[in-house]
Amino acid sequence: MSSQRVPATEDSISAAKEKTAAEAIPLLYGILEDPSSSSEALKIKELAITDLSDRLREVGRAEELQSLLTKLRPFFSLIPKAKTAKLVRGIIDSVAKIPGTSDLQISLCKEIVQWTRAEKRTFLRQRIEARLAALLMESKEYSEALNLLSGLIKEVRRLDDKLLLVEIDLLESKLHFALRNLPKAKAALTAARTAANAVYVPPAQQGTIDLQSGILHAEEKDYKTAYSYFFEAFEAFNTLADPQAIYGLKYMLLCKIMVNQAEDVAGIISSPKVGLQYKGPELDAMKAIADAHSKRSLKLFETALQNFKNELDEDPIVHRHLSALYDTLQEQNLCRLIEPFSRVEIAHIAELIELPSHQVEKKLSQMILDKKFAGTLDQGAGCLIIFDDPKTDAIYPATLETISNMEKVVDSLYARSAKIMA
């Protein structure tokens, strides 16, 4: 973008701050055109870059932020590497705050990585590569993200940069969890905790570690331990007013539901600390699921899933656990309904449970195969035939016990005969 040159002075920066984004952007570009390289001018230009990236973010000009980074490369050679890293990461953060820029962020990070390799800026490159791996994971480019992380982890371990190591190990844990490799996800999280114990970790990062710990414990059905980790994560994020606090709270409520303590959900939501601050569709969704679970109602459960599709189905953590809960609830309801019958129409069961007949038939066949009850489906007549539980014949265990005792007797006689012969 061509702009009229403006002197790099404090008055110019003050003038830009008082203007609207559309008016300030050309002025800030003009400050960057000033050829002066005095220490005062460089400081003013740094402020201009920060202000310009914020203004471009306000008006949603993501591509212009990308071209700004390329344009600023000669300027970056005039200032310390630490300041360059701060400015570059600030511009990337501005791009990230513009919705729908995931692909642009990936291409931008790849471009910066190439530049940092050429300029031998190792500190900045490692952090941009970690950012790139996180973006690739969000885009479900798991193999590329894993390849990038594997090389980066070895490099950072050699340099012993503990804080970056915590971030990378945590990212690796999330990546392996997304690939459903639970042992490697746990190993990476343990490595992140070990590195975190040796260095001061910011509260936000500690909250992220606790959140990931809770997710892994919940995956192993250890919901009580998971709840405590989610609570710690919620406390950390809540103190910082971090938007991730809602996820910690949401997963806390999920754990309560999964351990059959759905009645506690309403109490947690109505508490002064939570009720007003986090009131919204996320909590409404969990309350609807808790109500359905308390009433053992599949219809209410399905209604909640339909009404809060974004909050429940789009969240992979919640979706996975609720799917298991729905299956369990469905099986319990079906077992309770078929208990009085020896032969019953599938359509009648479907009417009682308020679900489509084909869905009920499919679930019943699955339960029979899983040996949840003894029975068979007569599809011609559209009936379910339930058998009496087969009684275990006592003769088989008794026979096995007799054979075992005879074996002991024979062994004893053999030992005695061996002594006599000796």
# chains A, B, ... in the order shown; residues from 1 in each chain; ligands from 1
$ select_by_dssp --residues "segment 88-162 of chain A" --states "alpha helix (DSSP H)" --output "NGL selection string"
:A and (88-96 or 102-119 or 122-138 or 142-159 or 162)
$ select_by_dssp --residues "segment 247-389 of chain A" --states "strand (DSSP E or B)" --output "list in words"
Arg343, Val344, Glu345, Gly375, Thr376, Leu377, Asp378, Cys383, Leu384, Ile385 and Ile386 of chain A
$ write_last_selection --atoms "N, CA, C and O atoms" --output "PDB file, in the first residue's frame"
ATOM      1  N   ARG A 343     -43.077 -62.668  24.714  1.00  0.00           N
ATOM      2  CA  ARG A 343     -43.179 -62.377  23.284  1.00  0.00           C
ATOM      3  C   ARG A 343     -43.895 -61.030  23.149  1.00  0.00           C
ATOM      4  O   ARG A 343     -44.967 -60.847  23.719  1.00  0.00           O
ATOM      5  N   VAL A 344     -43.303 -60.111  22.399  1.00  0.00           N
ATOM      6  CA  VAL A 344     -43.873 -58.772  22.291  1.00  0.00           C
ATOM      7  C   VAL A 344     -43.558 -58.181  20.918  1.00  0.00           C
ATOM      8  O   VAL A 344     -42.502 -58.444  20.338  1.00  0.00           O
ATOM      9  N   GLU A 345     -44.506 -57.405  20.397  1.00  0.00           N
ATOM     10  CA  GLU A 345     -44.282 -56.757  19.108  1.00  0.00           C
ATOM     11  C   GLU A 345     -43.255 -55.625  19.250  1.00  0.00           C
ATOM     12  O   GLU A 345     -43.301 -54.853  20.224  1.00  0.00           O
ATOM     13  N   GLY A 375     -32.685 -63.974  23.756  1.00  0.00           N
ATOM     14  CA  GLY A 375     -33.881 -63.835  22.946  1.00  0.00           C
ATOM     15  C   GLY A 375     -33.551 -63.884  21.468  1.00  0.00           C
ATOM     16  O   GLY A 375     -32.398 -64.088  21.077  1.00  0.00           O
ATOM     17  N   THR A 376     -34.601 -63.704  20.633  1.00  0.00           N
ATOM     18  CA  THR A 376     -34.412 -63.686  19.182  1.00  0.00           C
ATOM     19  C   THR A 376     -35.468 -62.777  18.571  1.00  0.00           C
ATOM     20  O   THR A 376     -36.523 -62.534  19.172  1.00  0.00           O
ATOM     21  N   LEU A 377     -35.150 -62.271  17.366  1.00  0.00           N
ATOM     22  CA  LEU A 377     -36.095 -61.411  16.651  1.00  0.00           C
ATOM     23  C   LEU A 377     -36.789 -62.213  15.553  1.00  0.00           C
ATOM     24  O   LEU A 377     -36.117 -62.827  14.721  1.00  0.00           O
ATOM     25  N   ASP A 378     -38.121 -62.230  15.584  1.00  0.00           N
ATOM     26  CA  ASP A 378     -38.909 -62.829  14.506  1.00  0.00           C
ATOM     27  C   ASP A 378     -39.309 -61.683  13.570  1.00  0.00           C
ATOM     28  O   ASP A 378     -40.336 -61.027  13.762  1.00  0.00           O
ATOM     29  N   CYS A 383     -41.812 -59.438  15.774  1.00  0.00           N
ATOM     30  CA  CYS A 383     -41.881 -59.687  17.224  1.00  0.00           C
ATOM     31  C   CYS A 383     -40.501 -59.953  17.814  1.00  0.00           C
ATOM     32  O   CYS A 383     -39.579 -60.386  17.127  1.00  0.00           O
ATOM     33  N   LEU A 384     -40.414 -59.693  19.105  1.00  0.00           N
ATOM     34  CA  LEU A 384     -39.243 -60.073  19.893  1.00  0.00           C
ATOM     35  C   LEU A 384     -39.652 -61.218  20.801  1.00  0.00           C
ATOM     36  O   LEU A 384     -40.646 -61.122  21.520  1.00  0.00           O
ATOM     37  N   ILE A 385     -38.896 -62.328  20.744  1.00  0.00           N
ATOM     38  CA  ILE A 385     -39.170 -63.482  21.607  1.00  0.00           C
ATOM     39  C   ILE A 385     -38.078 -63.522  22.670  1.00  0.00           C
ATOM     40  O   ILE A 385     -36.887 -63.558  22.360  1.00  0.00           O
ATOM     41  N   ILE A 386     -38.501 -63.459  23.933  1.00  0.00           N
ATOM     42  CA  ILE A 386     -37.534 -63.439  25.041  1.00  0.00           C
ATOM     43  C   ILE A 386     -37.512 -64.824  25.689  1.00  0.00           C
ATOM     44  O   ILE A 386     -38.565 -65.376  26.030  1.00  0.00           O
TER      45      ILE A 386
END
$ atom_distance --atom1 "atom CA of Ser342 of chain A" --atom2 "atom CA of Leu329 of chain A"
22.1 Å
$ residues_around --residues "Arg180 of chain A" --least-positions-apart "3" --cutoff "12 Å" --atoms "only C-alpha atoms" --output "PDB file with all heavy atoms, in the first residue's frame"
ATOM      1  N   TYR A 142      -3.331 -34.067  10.647  1.00  0.00           N
ATOM      2  CA  TYR A 142      -2.641 -34.675  11.781  1.00  0.00           C
ATOM      3  C   TYR A 142      -1.242 -35.190  11.432  1.00  0.00           C
ATOM      4  O   TYR A 142      -0.293 -35.011  12.198  1.00  0.00           O
ATOM      5  CB  TYR A 142      -3.490 -35.817  12.348  1.00  0.00           C
ATOM      6  CG  TYR A 142      -4.818 -35.365  12.896  1.00  0.00           C
ATOM      7  CD1 TYR A 142      -6.008 -35.994  12.519  1.00  0.00           C
ATOM      8  CD2 TYR A 142      -4.908 -34.307  13.788  1.00  0.00           C
ATOM      9  CE1 TYR A 142      -7.236 -35.575  13.025  1.00  0.00           C
ATOM     10  CE2 TYR A 142      -6.122 -33.885  14.294  1.00  0.00           C
ATOM     11  CZ  TYR A 142      -7.287 -34.523  13.908  1.00  0.00           C
ATOM     12  OH  TYR A 142      -8.492 -34.101  14.405  1.00  0.00           O
ATOM     13  N   SER A 173       0.323 -34.142  23.095  1.00  0.00           N
ATOM     14  CA  SER A 173      -0.693 -34.930  23.805  1.00  0.00           C
ATOM     15  C   SER A 173      -2.067 -34.750  23.150  1.00  0.00           C
ATOM     16  O   SER A 173      -2.791 -35.719  22.924  1.00  0.00           O
ATOM     17  CB  SER A 173      -0.750 -34.500  25.271  1.00  0.00           C
ATOM     18  OG  SER A 173      -1.767 -35.188  25.959  1.00  0.00           O
ATOM     19  N   LYS A 174      -2.410 -33.506  22.824  1.00  0.00           N
ATOM     20  CA  LYS A 174      -3.697 -33.236  22.166  1.00  0.00           C
ATOM     21  C   LYS A 174      -3.760 -33.909  20.798  1.00  0.00           C
ATOM     22  O   LYS A 174      -4.811 -34.423  20.400  1.00  0.00           O
ATOM     23  CB  LYS A 174      -3.883 -31.721  21.996  1.00  0.00           C
ATOM     24  CG  LYS A 174      -4.113 -30.965  23.294  1.00  0.00           C
ATOM     25  CD  LYS A 174      -4.243 -29.481  23.027  1.00  0.00           C
ATOM     26  CE  LYS A 174      -4.459 -28.697  24.316  1.00  0.00           C
ATOM     27  NZ  LYS A 174      -4.554 -27.244  24.068  1.00  0.00           N
ATOM     28  N   LEU A 175      -2.637 -33.887  20.104  1.00  0.00           N
ATOM     29  CA  LEU A 175      -2.570 -34.469  18.760  1.00  0.00           C
ATOM     30  C   LEU A 175      -2.769 -35.985  18.804  1.00  0.00           C
ATOM     31  O   LEU A 175      -3.559 -36.551  18.033  1.00  0.00           O
ATOM     32  CB  LEU A 175      -1.229 -34.113  18.123  1.00  0.00           C
ATOM     33  CG  LEU A 175      -1.025 -34.432  16.650  1.00  0.00           C
ATOM     34  CD1 LEU A 175      -2.099 -33.801  15.794  1.00  0.00           C
ATOM     35  CD2 LEU A 175       0.344 -33.940  16.195  1.00  0.00           C
ATOM     36  N   HIS A 176      -2.070 -36.653  19.735  1.00  0.00           N
ATOM     37  CA  HIS A 176      -2.223 -38.110  19.867  1.00  0.00           C
ATOM     38  C   HIS A 176      -3.638 -38.473  20.333  1.00  0.00           C
ATOM     39  O   HIS A 176      -4.189 -39.495  19.922  1.00  0.00           O
ATOM     40  CB  HIS A 176      -1.193 -38.670  20.851  1.00  0.00           C
ATOM     41  CG  HIS A 176       0.190 -38.786  20.273  1.00  0.00           C
ATOM     42  ND1 HIS A 176       0.456 -39.516  19.135  1.00  0.00           N
ATOM     43  CD2 HIS A 176       1.376 -38.265  20.664  1.00  0.00           C
ATOM     44  CE1 HIS A 176       1.751 -39.451  18.854  1.00  0.00           C
ATOM     45  NE2 HIS A 176       2.319 -38.691  19.769  1.00  0.00           N
ATOM     46  N   PHE A 177      -4.222 -37.624  21.182  1.00  0.00           N
ATOM     47  CA  PHE A 177      -5.596 -37.881  21.628  1.00  0.00           C
ATOM     48  C   PHE A 177      -6.558 -37.779  20.444  1.00  0.00           C
ATOM     49  O   PHE A 177      -7.489 -38.584  20.321  1.00  0.00           O
ATOM     50  CB  PHE A 177      -5.997 -36.884  22.717  1.00  0.00           C
ATOM     51  CG  PHE A 177      -7.406 -37.054  23.201  1.00  0.00           C
ATOM     52  CD1 PHE A 177      -7.754 -38.125  24.015  1.00  0.00           C
ATOM     53  CD2 PHE A 177      -8.396 -36.168  22.820  1.00  0.00           C
ATOM     54  CE1 PHE A 177      -9.063 -38.303  24.449  1.00  0.00           C
ATOM     55  CE2 PHE A 177      -9.708 -36.332  23.250  1.00  0.00           C
ATOM     56  CZ  PHE A 177     -10.034 -37.403  24.066  1.00  0.00           C
ATOM     57  N   PRO A 183      -2.290 -44.096  24.973  1.00  0.00           N
ATOM     58  CA  PRO A 183      -1.011 -44.255  25.690  1.00  0.00           C
ATOM     59  C   PRO A 183       0.004 -43.151  25.358  1.00  0.00           C
ATOM     60  O   PRO A 183       0.658 -42.611  26.252  1.00  0.00           O
ATOM     61  CB  PRO A 183      -0.505 -45.628  25.216  1.00  0.00           C
ATOM     62  CG  PRO A 183      -1.737 -46.365  24.815  1.00  0.00           C
ATOM     63  CD  PRO A 183      -2.654 -45.331  24.243  1.00  0.00           C
ATOM     64  N   LYS A 184       0.124 -42.798  24.077  1.00  0.00           N
ATOM     65  CA  LYS A 184       1.075 -41.743  23.689  1.00  0.00           C
ATOM     66  C   LYS A 184       0.603 -40.371  24.165  1.00  0.00           C
ATOM     67  O   LYS A 184       1.422 -39.504  24.511  1.00  0.00           O
ATOM     68  CB  LYS A 184       1.275 -41.738  22.172  1.00  0.00           C
ATOM     69  CG  LYS A 184       2.164 -42.876  21.688  1.00  0.00           C
ATOM     70  CD  LYS A 184       2.566 -42.684  20.244  1.00  0.00           C
ATOM     71  CE  LYS A 184       3.545 -43.785  19.814  1.00  0.00           C
ATOM     72  NZ  LYS A 184       3.975 -43.620  18.407  1.00  0.00           N
ATOM     73  N   ALA A 185      -0.710 -40.166  24.182  1.00  0.00           N
ATOM     74  CA  ALA A 185      -1.259 -38.900  24.684  1.00  0.00           C
ATOM     75  C   ALA A 185      -0.921 -38.730  26.165  1.00  0.00           C
ATOM     76  O   ALA A 185      -0.536 -37.642  26.609  1.00  0.00           O
ATOM     77  CB  ALA A 185      -2.768 -38.865  24.473  1.00  0.00           C
ATOM     78  N   LYS A 186      -1.047 -39.816  26.939  1.00  0.00           N
ATOM     79  CA  LYS A 186      -0.717 -39.764  28.369  1.00  0.00           C
ATOM     80  C   LYS A 186       0.773 -39.558  28.584  1.00  0.00           C
ATOM     81  O   LYS A 186       1.189 -38.805  29.472  1.00  0.00           O
ATOM     82  CB  LYS A 186      -1.168 -41.067  29.040  1.00  0.00           C
ATOM     83  CG  LYS A 186      -2.685 -41.180  29.180  1.00  0.00           C
ATOM     84  CD  LYS A 186      -3.123 -42.557  29.617  1.00  0.00           C
ATOM     85  CE  LYS A 186      -2.670 -42.881  31.014  1.00  0.00           C
ATOM     86  NZ  LYS A 186      -3.087 -44.239  31.425  1.00  0.00           N
ATOM     87  N   LEU A 216      -8.198 -36.736  29.480  1.00  0.00           N
ATOM     88  CA  LEU A 216      -7.624 -38.088  29.397  1.00  0.00           C
ATOM     89  C   LEU A 216      -8.183 -38.998  30.484  1.00  0.00           C
ATOM     90  O   LEU A 216      -8.441 -40.183  30.242  1.00  0.00           O
ATOM     91  CB  LEU A 216      -6.095 -38.020  29.487  1.00  0.00           C
ATOM     92  CG  LEU A 216      -5.382 -37.342  28.309  1.00  0.00           C
ATOM     93  CD1 LEU A 216      -3.877 -37.381  28.496  1.00  0.00           C
ATOM     94  CD2 LEU A 216      -5.750 -37.981  26.984  1.00  0.00           C
ATOM     95  N   GLU A 219     -11.623 -40.040  29.514  1.00  0.00           N
ATOM     96  CA  GLU A 219     -11.576 -41.055  28.461  1.00  0.00           C
ATOM     97  C   GLU A 219     -11.391 -42.449  29.055  1.00  0.00           C
ATOM     98  O   GLU A 219     -11.858 -43.444  28.493  1.00  0.00           O
ATOM     99  CB  GLU A 219     -10.426 -40.735  27.504  1.00  0.00           C
ATOM    100  CG  GLU A 219     -10.398 -41.548  26.232  1.00  0.00           C
ATOM    101  CD  GLU A 219     -11.583 -41.275  25.311  1.00  0.00           C
ATOM    102  OE1 GLU A 219     -12.221 -40.202  25.441  1.00  0.00           O
ATOM    103  OE2 GLU A 219     -11.883 -42.134  24.468  1.00  0.00           O
ATOM    104  N   PRO A 316     -16.281 -32.555  20.357  1.00  0.00           N
ATOM    105  CA  PRO A 316     -15.964 -33.996  20.286  1.00  0.00           C
ATOM    106  C   PRO A 316     -15.872 -34.671  21.646  1.00  0.00           C
ATOM    107  O   PRO A 316     -16.197 -35.850  21.773  1.00  0.00           O
ATOM    108  CB  PRO A 316     -14.603 -34.028  19.562  1.00  0.00           C
ATOM    109  CG  PRO A 316     -14.039 -32.643  19.708  1.00  0.00           C
ATOM    110  CD  PRO A 316     -15.212 -31.722  19.794  1.00  0.00           C
ATOM    111  N   ILE A 317     -15.439 -33.950  22.669  1.00  0.00           N
ATOM    112  CA  ILE A 317     -15.312 -34.536  24.020  1.00  0.00           C
ATOM    113  C   ILE A 317     -16.698 -34.884  24.558  1.00  0.00           C
ATOM    114  O   ILE A 317     -16.961 -36.015  24.984  1.00  0.00           O
ATOM    115  CB  ILE A 317     -14.595 -33.561  24.988  1.00  0.00           C
ATOM    116  CG1 ILE A 317     -13.283 -33.031  24.399  1.00  0.00           C
ATOM    117  CG2 ILE A 317     -14.362 -34.241  26.328  1.00  0.00           C
ATOM    118  CD1 ILE A 317     -12.261 -34.085  24.078  1.00  0.00           C
ATOM    119  N   ARG A 320     -18.588 -37.694  22.454  1.00  0.00           N
ATOM    120  CA  ARG A 320     -18.136 -39.075  22.665  1.00  0.00           C
ATOM    121  C   ARG A 320     -18.752 -39.660  23.936  1.00  0.00           C
ATOM    122  O   ARG A 320     -19.236 -40.789  23.943  1.00  0.00           O
ATOM    123  CB  ARG A 320     -16.605 -39.115  22.749  1.00  0.00           C
ATOM    124  CG  ARG A 320     -16.025 -40.519  22.778  1.00  0.00           C
ATOM    125  CD  ARG A 320     -14.509 -40.489  22.771  1.00  0.00           C
ATOM    126  NE  ARG A 320     -14.000 -39.920  21.545  1.00  0.00           N
ATOM    127  CZ  ARG A 320     -13.316 -38.776  21.465  1.00  0.00           C
ATOM    128  NH1 ARG A 320     -13.066 -38.079  22.552  1.00  0.00           N
ATOM    129  NH2 ARG A 320     -12.877 -38.336  20.324  1.00  0.00           N
TER     130      ARG A 320
END
$ closest_residue --among "A:Arg57, A:Lys408, A:Arg121, A:Lys309" --to "Pro80 of chain A" --atoms "only C-alpha atoms"
A:Arg121
$ closest_residue --among "A:Leu283, A:Leu325, A:Ala381, A:Ala188" --to "Phe308 of chain A" --atoms "only C-alpha atoms"
A:Leu283
$ residues_around --residues "Val360 of chain A" --least-positions-apart "3" --cutoff "9 Å" --atoms "only C-alpha atoms" --output "number ranges by chain"
A: 334, 346-347, 349-350, 353, 355-357, 363-365
$ residues_around --residues "Ala195 of chain A" --least-positions-apart "3" --cutoff "10 Å" --atoms "only C-alpha atoms" --output "short mmCIF file (atom, residue, chain, number, x, y, z; two decimals) with N, CA, C and O atoms, in the first residue's frame"
data_model
loop_
_atom_site.label_atom_id
_atom_site.label_comp_id
_atom_site.auth_asym_id
_atom_site.auth_seq_id
_atom_site.Cartn_x
_atom_site.Cartn_y
_atom_site.Cartn_z
N ASP A 160 17.00 -27.33 25.86
CA ASP A 160 16.47 -27.32 27.23
C ASP A 160 15.64 -26.07 27.51
O ASP A 160 15.75 -25.46 28.57
N ASP A 161 14.81 -25.68 26.54
CA ASP A 161 13.87 -24.56 26.71
C ASP A 161 12.60 -25.13 27.34
O ASP A 161 11.68 -25.57 26.65
N LYS A 162 12.55 -25.11 28.69
CA LYS A 162 11.48 -25.80 29.42
C LYS A 162 10.08 -25.28 29.09
O LYS A 162 9.14 -26.05 28.91
N LEU A 163 9.96 -23.94 29.02
CA LEU A 163 8.64 -23.36 28.80
C LEU A 163 8.07 -23.73 27.43
O LEU A 163 6.89 -24.09 27.31
N LEU A 164 8.92 -23.67 26.41
CA LEU A 164 8.47 -24.07 25.07
C LEU A 164 8.22 -25.58 25.02
O LEU A 164 7.30 -26.04 24.34
N LEU A 165 9.02 -26.33 25.78
CA LEU A 165 8.86 -27.79 25.82
C LEU A 165 7.49 -28.16 26.41
O LEU A 165 6.85 -29.11 25.94
N VAL A 166 7.07 -27.43 27.44
CA VAL A 166 5.74 -27.66 28.03
C VAL A 166 4.66 -27.48 26.96
O VAL A 166 3.76 -28.31 26.81
N GLU A 167 4.76 -26.38 26.20
CA GLU A 167 3.78 -26.07 25.16
C GLU A 167 3.75 -27.15 24.08
O GLU A 167 2.67 -27.60 23.66
N ASP A 169 4.94 -30.37 24.26
CA ASP A 169 4.50 -31.67 24.80
C ASP A 169 2.98 -31.70 24.96
O ASP A 169 2.33 -32.72 24.70
N LEU A 189 1.64 -35.96 27.92
CA LEU A 189 1.14 -35.10 29.01
C LEU A 189 2.04 -35.22 30.25
O LEU A 189 2.32 -34.22 30.92
N THR A 190 2.49 -36.44 30.53
CA THR A 190 3.43 -36.65 31.65
C THR A 190 4.71 -35.87 31.42
O THR A 190 5.26 -35.25 32.35
N ALA A 191 5.20 -35.88 30.17
CA ALA A 191 6.42 -35.11 29.82
C ALA A 191 6.18 -33.61 30.01
O ALA A 191 7.06 -32.89 30.51
N ALA A 192 4.98 -33.15 29.65
CA ALA A 192 4.64 -31.73 29.83
C ALA A 192 4.62 -31.36 31.31
O ALA A 192 5.13 -30.31 31.71
N ALA A 198 9.72 -27.92 36.51
CA ALA A 198 11.07 -27.37 36.59
C ALA A 198 11.13 -25.88 36.25
O ALA A 198 12.20 -25.28 36.25
N VAL A 199 9.98 -25.28 35.94
CA VAL A 199 9.97 -23.88 35.51
C VAL A 199 8.63 -23.25 35.89
O VAL A 199 7.64 -23.96 36.09
N TYR A 200 8.61 -21.92 36.01
CA TYR A 200 7.35 -21.23 36.28
C TYR A 200 6.47 -21.30 35.03
O TYR A 200 6.89 -20.91 33.94
N VAL A 201 5.27 -21.80 35.21
CA VAL A 201 4.32 -21.91 34.10
C VAL A 201 3.21 -20.89 34.33
O VAL A 201 2.62 -20.85 35.42
#
$ residues_around --residues "segment 104-120 of chain A" --least-positions-apart "6" --cutoff "8 Å" --atoms "only C-alpha atoms" --output "list in words"
Ala62, Glu63, Gln66, Ile92, Val95, Ala96, Ile128, Glu129, Arg131, Leu132, Leu135 and Leu136 of chain A
$ write_last_selection --atoms "C-alpha atoms" --output "short mmCIF file (atom, residue, chain, number, x, y, z; two decimals), in the first residue's frame"
data_model
loop_
_atom_site.label_atom_id
_atom_site.label_comp_id
_atom_site.auth_asym_id
_atom_site.auth_seq_id
_atom_site.Cartn_x
_atom_site.Cartn_y
_atom_site.Cartn_z
CA ALA A 62 -6.03 -10.26 6.98
CA GLU A 63 -4.23 -10.38 3.62
CA GLN A 66 0.35 -10.89 5.72
CA ILE A 92 0.05 -13.33 13.71
CA VAL A 95 -4.62 -12.35 11.94
CA ALA A 96 -5.88 -15.13 14.27
CA ILE A 128 6.18 -20.21 14.93
CA GLU A 129 6.57 -23.93 14.16
CA ARG A 131 1.98 -22.34 16.35
CA LEU A 132 1.89 -23.93 12.87
CA LEU A 135 -3.08 -24.74 13.34
CA LEU A 136 -2.49 -27.94 11.35
#
$ residues_around --residues "Tyr278 of chain A" --least-positions-apart "2" --cutoff "9 Å" --atoms "only C-alpha atoms" --output "PyMOL selection string"
chain A and resi 245-246+249+269+273-276+280+282-283
$ write_last_selection --atoms "all heavy atoms" --output "mmCIF file, in the first residue's frame"
data_model
loop_
_atom_site.group_PDB
_atom_site.id
_atom_site.type_symbol
_atom_site.label_atom_id
_atom_site.label_comp_id
_atom_site.auth_asym_id
_atom_site.auth_seq_id
_atom_site.Cartn_x
_atom_site.Cartn_y
_atom_site.Cartn_z
ATOM 1 N N ALA A 245 -12.685 -20.952 30.207
ATOM 2 C CA ALA A 245 -13.302 -21.317 31.497
ATOM 3 C C ALA A 245 -14.613 -22.072 31.279
ATOM 4 O O ALA A 245 -14.918 -23.003 32.023
ATOM 5 C CB ALA A 245 -13.534 -20.062 32.337
ATOM 6 N N ILE A 246 -15.352 -21.680 30.250
ATOM 7 C CA ILE A 246 -16.651 -22.325 29.993
ATOM 8 C C ILE A 246 -16.479 -23.808 29.680
ATOM 9 O O ILE A 246 -17.328 -24.621 30.040
ATOM 10 C CB ILE A 246 -17.404 -21.596 28.847
ATOM 11 C CG1 ILE A 246 -18.835 -22.101 28.732
ATOM 12 C CG2 ILE A 246 -16.678 -21.740 27.522
ATOM 13 C CD1 ILE A 246 -19.710 -21.784 29.884
ATOM 14 N N LEU A 249 -15.927 -25.711 32.938
ATOM 15 C CA LEU A 249 -17.209 -25.820 33.632
ATOM 16 C C LEU A 249 -18.116 -26.852 32.952
ATOM 17 O O LEU A 249 -18.755 -27.684 33.613
ATOM 18 C CB LEU A 249 -17.882 -24.448 33.663
ATOM 19 C CG LEU A 249 -19.251 -24.350 34.321
ATOM 20 C CD1 LEU A 249 -19.203 -24.830 35.768
ATOM 21 C CD2 LEU A 249 -19.762 -22.919 34.259
ATOM 22 N N ILE A 269 -24.866 -24.830 38.402
ATOM 23 C CA ILE A 269 -25.212 -23.767 37.450
ATOM 24 C C ILE A 269 -25.812 -22.553 38.159
ATOM 25 O O ILE A 269 -25.551 -21.402 37.785
ATOM 26 C CB ILE A 269 -26.196 -24.305 36.379
ATOM 27 C CG1 ILE A 269 -25.481 -25.310 35.464
ATOM 28 C CG2 ILE A 269 -26.784 -23.171 35.543
ATOM 29 C CD1 ILE A 269 -26.374 -26.015 34.475
ATOM 30 N N LYS A 273 -21.168 -17.867 41.667
ATOM 31 C CA LYS A 273 -19.913 -17.752 40.927
ATOM 32 C C LYS A 273 -20.091 -18.091 39.458
ATOM 33 O O LYS A 273 -19.370 -17.598 38.588
ATOM 34 C CB LYS A 273 -18.877 -18.690 41.559
ATOM 35 C CG LYS A 273 -17.477 -18.519 41.015
ATOM 36 C CD LYS A 273 -16.511 -19.376 41.793
ATOM 37 C CE LYS A 273 -15.082 -19.147 41.334
ATOM 38 N NZ LYS A 273 -14.126 -19.949 42.099
ATOM 39 N N VAL A 274 -21.056 -18.959 39.172
ATOM 40 C CA VAL A 274 -21.215 -19.488 37.811
ATOM 41 C C VAL A 274 -22.441 -18.901 37.119
ATOM 42 O O VAL A 274 -22.384 -18.497 35.959
ATOM 43 C CB VAL A 274 -21.329 -21.033 37.856
ATOM 44 C CG1 VAL A 274 -21.681 -21.593 36.485
ATOM 45 C CG2 VAL A 274 -20.027 -21.638 38.356
ATOM 46 N N GLY A 275 -23.557 -18.860 37.863
ATOM 47 C CA GLY A 275 -24.856 -18.568 37.266
ATOM 48 C C GLY A 275 -24.910 -17.375 36.336
ATOM 49 O O GLY A 275 -25.294 -17.497 35.173
ATOM 50 N N LEU A 276 -24.516 -16.202 36.839
ATOM 51 C CA LEU A 276 -24.637 -14.987 36.039
ATOM 52 C C LEU A 276 -23.526 -14.861 35.003
ATOM 53 O O LEU A 276 -23.756 -14.463 33.868
ATOM 54 C CB LEU A 276 -24.627 -13.757 36.962
ATOM 55 C CG LEU A 276 -25.817 -13.639 37.917
ATOM 56 C CD1 LEU A 276 -25.605 -12.483 38.873
ATOM 57 C CD2 LEU A 276 -27.106 -13.433 37.131
ATOM 58 N N GLY A 280 -25.699 -19.217 29.504
ATOM 59 C CA GLY A 280 -25.740 -19.233 28.042
ATOM 60 C C GLY A 280 -26.073 -20.613 27.519
ATOM 61 O O GLY A 280 -26.377 -21.534 28.288
ATOM 62 N N GLU A 282 -24.263 -23.062 26.349
ATOM 63 C CA GLU A 282 -23.396 -24.176 26.772
ATOM 64 C C GLU A 282 -23.937 -24.816 28.052
ATOM 65 O O GLU A 282 -24.051 -26.041 28.148
ATOM 66 C CB GLU A 282 -21.956 -23.684 27.004
ATOM 67 C CG GLU A 282 -21.271 -23.083 25.793
ATOM 68 C CD GLU A 282 -20.788 -24.127 24.807
ATOM 69 O OE1 GLU A 282 -20.941 -25.334 25.092
ATOM 70 O OE2 GLU A 282 -20.272 -23.751 23.741
ATOM 71 N N LEU A 283 -24.278 -23.976 29.031
ATOM 72 C CA LEU A 283 -24.797 -24.493 30.312
ATOM 73 C C LEU A 283 -26.240 -24.985 30.164
ATOM 74 O O LEU A 283 -26.627 -25.964 30.802
ATOM 75 C CB LEU A 283 -24.716 -23.416 31.398
ATOM 76 C CG LEU A 283 -23.308 -22.926 31.768
ATOM 77 C CD1 LEU A 283 -23.367 -22.066 33.025
ATOM 78 C CD2 LEU A 283 -22.346 -24.081 31.985
#
